[in-house]
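The structure under discussion appears below in the form of structure tokens.
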Amino acid sequence: MKKGNILIVEDDEAQRKLLAEALRKRGFYVEGAENLAEAKELLEKRDFNVLLLDYKLPDGDGLEFLAYLKKNYPNIPTIMLTAYASVENAVSAMKAGAFHYLAKPINLEELNLIVDKALEENKLIREITLLRERFKFLSDKELKIAENIVAESPAMKKVLSLVSKVAETDAPVLITGESGTGKGVIARLIHQLSPDKEGPFLQINCAAIPETLLEAELFGYERGAFTGATHSKAGLFELAEGGTLFLDEIGDMPLSLQAKLLTVLQDKTIRRLGGLKEIKVNFRFISATNQDLERMVEEGKFREDLFWRLNVIRINIPPLRERKEDIIPLAQLFIKKFNQKYRKEVQGLTQEAMLALLRHDFPGNVRELENRIERGIILAEDEYLTREDLGLALEGQTEEDLLDKLLKLPLEEALEHLERLRIEMALKEAKGVKVRAAEILGITERMLRYKMEKYGLGG
């Protein structure tokens with residue numbers, strides 16, 4: 001069984017055959033082209049999952065062809081190959097949309113690693129494309145929520161891929177992630193893409209309601225069940241019939257209620273407070289938490305049997321600081337939203353504001369970003385939001401001090417100082433993972449290792 005289709009566009013026949021043979025041994029179907037014209041013919045005939053593209057070709061430039069690929073075959077991750085190894089070429093290729101960049105002579109181990117990553121990217125892109133096709137069948141209100149989901153980062157592409165798969169089932173889903181990451185939005189999307197999307201979507205925050213009221217809200221009650229119960233009332237378990245019930249912050253649910261919830265999920269029956277009658281219920285169950293439920297189970301604060309009942313399918317939404325590719329697209333989405341709300345015509349962000357957003361850790365995640373953009377739109381006096389508009393002005397003169405220092409150094413020394421600083425920042429952001437740090441910098445891992453050795457930054 002073939003693992004995927006790969007096209008190699010390389011004018012050096014020996015190099016082309018070497019790469020093709022190495023990839024065929026791993027189970028890939030491989031085609032080769034010695035020029036761009038031949039590559040275009042092959043692309044029209046076969047569906048490829050990954051493309052290896054030489055930087056210099058007899059009938060054109062690899063970067064120019066990359067623009068053609070992004071327009072006509074946007075789902076194919078492209079890995080640039082070149083003998084002209086330089087930071088400038090790497091940055092140009094990544095800016096033009098290349099998935100990755102490899103310098104000749106090609107290290108086959110590094111190639112295999114990058115090809116595997118590209119295949120995963122291709123798989124996710126295809127799944128997201130299919131998911132967006134399904135969005136077309138949503139109502140206007142549902143579509144508005146779906147369109148507010150940004151998934152430029154690999155992490156969020158994986159989240160949407162999982163959403164697409166689980167939405168068609170009725171399995172319980174547990175959504176985890178820090179506050180403000182968008183757990184409620186994902187829960188709504190699962191409902192919208194499910195077969196029961198015509199049914200109700202009901203949600204309740206377990207942390208926001210006292211225990212006695214929470215039980216009454218979920219189970220309902222009969223007249224006279226307690227003081228003030230002057231009439232019978234159906235609870236959310238009944239009202240969610242044929243739809244979805246979403247319990248947010250389920251880690252805050254009291255232990256006594258956890259036992260009752262477990263019974264409902266197992267038996268699909270409930271009994272109202274003060275009632276004797278068993279009532280059958282049928283709904284899709286989704287829960288969410290920002291807490292570590294496994295640790296809570298160990299500490300006796302959360303029932304283990306309920307945890308396993310909830311944790312059939314888990315979707316973890318990473319914090320915004322770990323998916324920086326989503327920050328600017330999300331900011332642009334919020335600018336559009338608040339322009340309409342406040343009747344403003346803000347065009348976008350200044351370069352300085354973009355850099356400030358990308359450097360910020362966002363402890364409040366997407367919710368914080370949305371609030372900062374709203375603040376900026378309200379306060380903005382110009383067409384573009386500034387760092388000050390967003391409330392991200394640096395304390396002191398840190399940036400100015402750095403710039404002043406760099407301007408006083410000889411050019412070569414200033415460039416080396418800045419390069420070293422940028423590599424240190426990337427390694428910190430990538431938590432020491434060199435492959436990830438190289439991706440952040442837009443260079444190869446081999447080049448990163450060389451520069452780390454040059455600046456004495458460890459192995």
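Residues in the structure tokens are named by chain (A, B, ... in the order shown) and by number from 1 within that chain; ligands are numbered from 1 in the order shown.
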
Name all residues at most 6 Å from range 165-180 of chain A (count only C-alpha atoms; drop same-chain ones fewer than 4 positions away) and give them as a short mmCIF file (atom, residue, chain, number, x, y, z; two decimals) with C-alpha atoms, in the first residue's frame.
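Printed below is out_15.cif as written:
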```cif
data_model
loop_
_atom_site.label_atom_id
_atom_site.label_comp_id
_atom_site.auth_asym_id
_atom_site.auth_seq_id
_atom_site.Cartn_x
_atom_site.Cartn_y
_atom_site.Cartn_z
CA ILE A 190 -19.54 19.91 17.00
CA LEU A 193 -21.88 19.51 12.22
CA SER A 194 -23.75 16.65 13.91
CA ARG A 284 -25.47 14.42 22.76
CA PHE A 285 -23.24 15.16 25.77
CA ILE A 286 -20.24 17.50 25.62
CA SER A 287 -18.27 18.72 28.62
CA ALA A 288 -15.35 21.09 29.03
CA THR A 289 -12.85 22.05 31.70
CA ASN A 290 -9.74 24.13 32.24
CA LEU A 310 -16.64 11.68 29.82
CA ASN A 311 -13.20 11.02 28.33
CA VAL A 312 -14.32 8.88 25.38
CA ILE A 313 -13.16 11.53 22.91
CA ARG A 314 -10.88 14.31 24.15
CA ILE A 315 -10.20 17.49 22.21
CA ASN A 316 -7.48 19.67 23.71
CA ILE A 317 -7.36 23.27 22.55
CA GLY A 364 -6.18 35.25 28.70
CA ASN A 365 -5.88 33.52 25.32
CA VAL A 366 -8.33 34.30 22.49
CA ARG A 367 -10.68 36.11 24.85
#
```

Taking the chain letters and numbering used in this document, name the residues of range 236-387 of chain A that DSSP puts in helix (DSSP H, G or I), as an NGL selection string. :A and (236-239 or 250-252 or 255-267 or 293-298 or 304-310 or 320-322 or 324-342 or 351-359 or 365-379)

State, in Å with one decimal place, the distance from CA of Lys70 in chain A to CA of Leu53 in chain A.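 One can read the CA of Lys70 in chain A to CA of Leu53 in chain A distance as 13.1 Å.
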
Which of range 143-336 of chain A counts as strand (DSSP E or B) under DSSP, as a PyMOL selection string please? chain A and resi 173-176+201-205+220-221+233-234+244-248+269-270+273+279-280+284-289+313-316

Selection file, N, CA and C atoms, as an mmCIF file, in the first residue's frame:
```
data_model
loop_
_atom_site.group_PDB
_atom_site.id
_atom_site.type_symbol
_atom_site.label_atom_id
_atom_site.label_comp_id
_atom_site.auth_asym_id
_atom_site.auth_seq_id
_atom_site.Cartn_x
_atom_site.Cartn_y
_atom_site.Cartn_z
ATOM 1 N N VAL A 173 -17.914 13.878 24.365
ATOM 2 C CA VAL A 173 -16.690 14.611 24.040
ATOM 3 C C VAL A 173 -16.286 15.453 25.241
ATOM 4 N N LEU A 174 -15.003 15.385 25.610
ATOM 5 C CA LEU A 174 -14.449 16.222 26.672
ATOM 6 C C LEU A 174 -13.488 17.207 26.024
ATOM 7 N N ILE A 175 -13.774 18.496 26.168
ATOM 8 C CA ILE A 175 -12.922 19.545 25.592
ATOM 9 C C ILE A 175 -12.102 20.159 26.721
ATOM 10 N N THR A 176 -10.784 20.134 26.569
ATOM 11 C CA THR A 176 -9.905 20.680 27.598
ATOM 12 C C THR A 176 -9.120 21.857 27.043
ATOM 13 N N PHE A 201 -29.259 23.305 21.267
ATOM 14 C CA PHE A 201 -27.929 23.309 21.864
ATOM 15 C C PHE A 201 -28.049 24.086 23.168
ATOM 16 N N LEU A 202 -27.959 23.364 24.282
ATOM 17 C CA LEU A 202 -28.113 23.988 25.597
ATOM 18 C C LEU A 202 -26.802 23.885 26.363
ATOM 19 N N GLN A 203 -26.455 24.955 27.070
ATOM 20 C CA GLN A 203 -25.220 24.925 27.837
ATOM 21 C C GLN A 203 -25.411 25.562 29.207
ATOM 22 N N ILE A 204 -24.572 25.125 30.148
ATOM 23 C CA ILE A 204 -24.613 25.665 31.498
ATOM 24 C C ILE A 204 -23.199 25.612 32.071
ATOM 25 N N ASN A 205 -22.828 26.627 32.815
ATOM 26 C CA ASN A 205 -21.507 26.686 33.441
ATOM 27 C C ASN A 205 -21.615 26.173 34.871
ATOM 28 N N GLY A 220 -34.553 19.426 36.663
ATOM 29 C CA GLY A 220 -35.909 19.932 36.736
ATOM 30 C C GLY A 220 -36.535 19.576 38.082
ATOM 31 N N TYR A 221 -37.769 19.964 38.293
ATOM 32 C CA TYR A 221 -38.409 19.672 39.578
ATOM 33 C C TYR A 221 -39.924 19.658 39.420
ATOM 34 N N LYS A 233 -41.213 22.070 36.488
ATOM 35 C CA LYS A 233 -40.313 22.622 35.471
ATOM 36 C C LYS A 233 -39.393 21.530 34.945
ATOM 37 N N ALA A 234 -39.274 21.436 33.632
ATOM 38 C CA ALA A 234 -38.354 20.472 33.016
ATOM 39 C C ALA A 234 -36.925 20.999 33.128
ATOM 40 N N THR A 244 -28.021 18.727 21.834
ATOM 41 C CA THR A 244 -26.742 18.642 22.545
ATOM 42 C C THR A 244 -26.822 19.391 23.868
ATOM 43 N N LEU A 245 -26.284 18.769 24.928
ATOM 44 C CA LEU A 245 -26.142 19.435 26.214
ATOM 45 C C LEU A 245 -24.654 19.627 26.478
ATOM 46 N N PHE A 246 -24.265 20.868 26.731
ATOM 47 C CA PHE A 246 -22.857 21.207 26.961
ATOM 48 C C PHE A 246 -22.680 21.706 28.384
ATOM 49 N N LEU A 247 -21.937 20.941 29.186
ATOM 50 C CA LEU A 247 -21.628 21.346 30.555
ATOM 51 C C LEU A 247 -20.215 21.907 30.604
ATOM 52 N N ASP A 248 -20.126 23.226 30.749
ATOM 53 C CA ASP A 248 -18.829 23.887 30.810
ATOM 54 C C ASP A 248 -18.292 23.856 32.243
ATOM 55 N N THR A 269 -31.770 7.923 31.799
ATOM 56 C CA THR A 269 -33.034 8.252 32.466
ATOM 57 C C THR A 269 -32.755 9.265 33.566
ATOM 58 N N ILE A 270 -33.781 10.083 33.877
ATOM 59 C CA ILE A 270 -33.651 11.038 34.980
ATOM 60 C C ILE A 270 -34.936 11.041 35.800
ATOM 61 N N LEU A 273 -36.510 16.547 40.585
ATOM 62 C CA LEU A 273 -36.503 16.734 42.035
ATOM 63 C C LEU A 273 -37.944 16.703 42.544
ATOM 64 N N ILE A 279 -37.902 9.323 33.672
ATOM 65 C CA ILE A 279 -38.076 9.948 32.355
ATOM 66 C C ILE A 279 -36.889 9.602 31.456
ATOM 67 N N LYS A 280 -37.178 9.040 30.294
ATOM 68 C CA LYS A 280 -36.124 8.714 29.331
ATOM 69 C C LYS A 280 -35.605 9.993 28.685
ATOM 70 N N ARG A 284 -26.924 14.495 22.924
ATOM 71 C CA ARG A 284 -25.467 14.425 22.760
ATOM 72 C C ARG A 284 -24.831 15.163 23.934
ATOM 73 N N PHE A 285 -23.834 14.539 24.588
ATOM 74 C CA PHE A 285 -23.241 15.161 25.769
ATOM 75 C C PHE A 285 -21.816 15.631 25.490
ATOM 76 N N ILE A 286 -21.573 16.912 25.748
ATOM 77 C CA ILE A 286 -20.238 17.504 25.616
ATOM 78 C C ILE A 286 -19.912 18.208 26.917
ATOM 79 N N SER A 287 -18.703 18.021 27.408
ATOM 80 C CA SER A 287 -18.271 18.717 28.617
ATOM 81 C C SER A 287 -16.941 19.404 28.351
ATOM 82 N N ALA A 288 -16.600 20.355 29.205
ATOM 83 C CA ALA A 288 -15.346 21.090 29.035
ATOM 84 C C ALA A 288 -14.800 21.475 30.397
ATOM 85 N N THR A 289 -13.485 21.630 30.461
ATOM 86 C CA THR A 289 -12.852 22.054 31.701
ATOM 87 C C THR A 289 -11.498 22.683 31.419
ATOM 88 N N ILE A 313 -13.879 10.760 23.915
ATOM 89 C CA ILE A 313 -13.155 11.534 22.909
ATOM 90 C C ILE A 313 -12.696 12.819 23.580
ATOM 91 N N ARG A 314 -11.395 13.074 23.558
ATOM 92 C CA ARG A 314 -10.885 14.311 24.150
ATOM 93 C C ARG A 314 -10.333 15.223 23.054
ATOM 94 N N ILE A 315 -10.730 16.478 23.128
ATOM 95 C CA ILE A 315 -10.202 17.495 22.214
ATOM 96 C C ILE A 315 -9.524 18.557 23.074
ATOM 97 N N ASN A 316 -8.218 18.663 22.938
ATOM 98 C CA ASN A 316 -7.485 19.666 23.708
ATOM 99 C C ASN A 316 -7.191 20.879 22.830
#
```
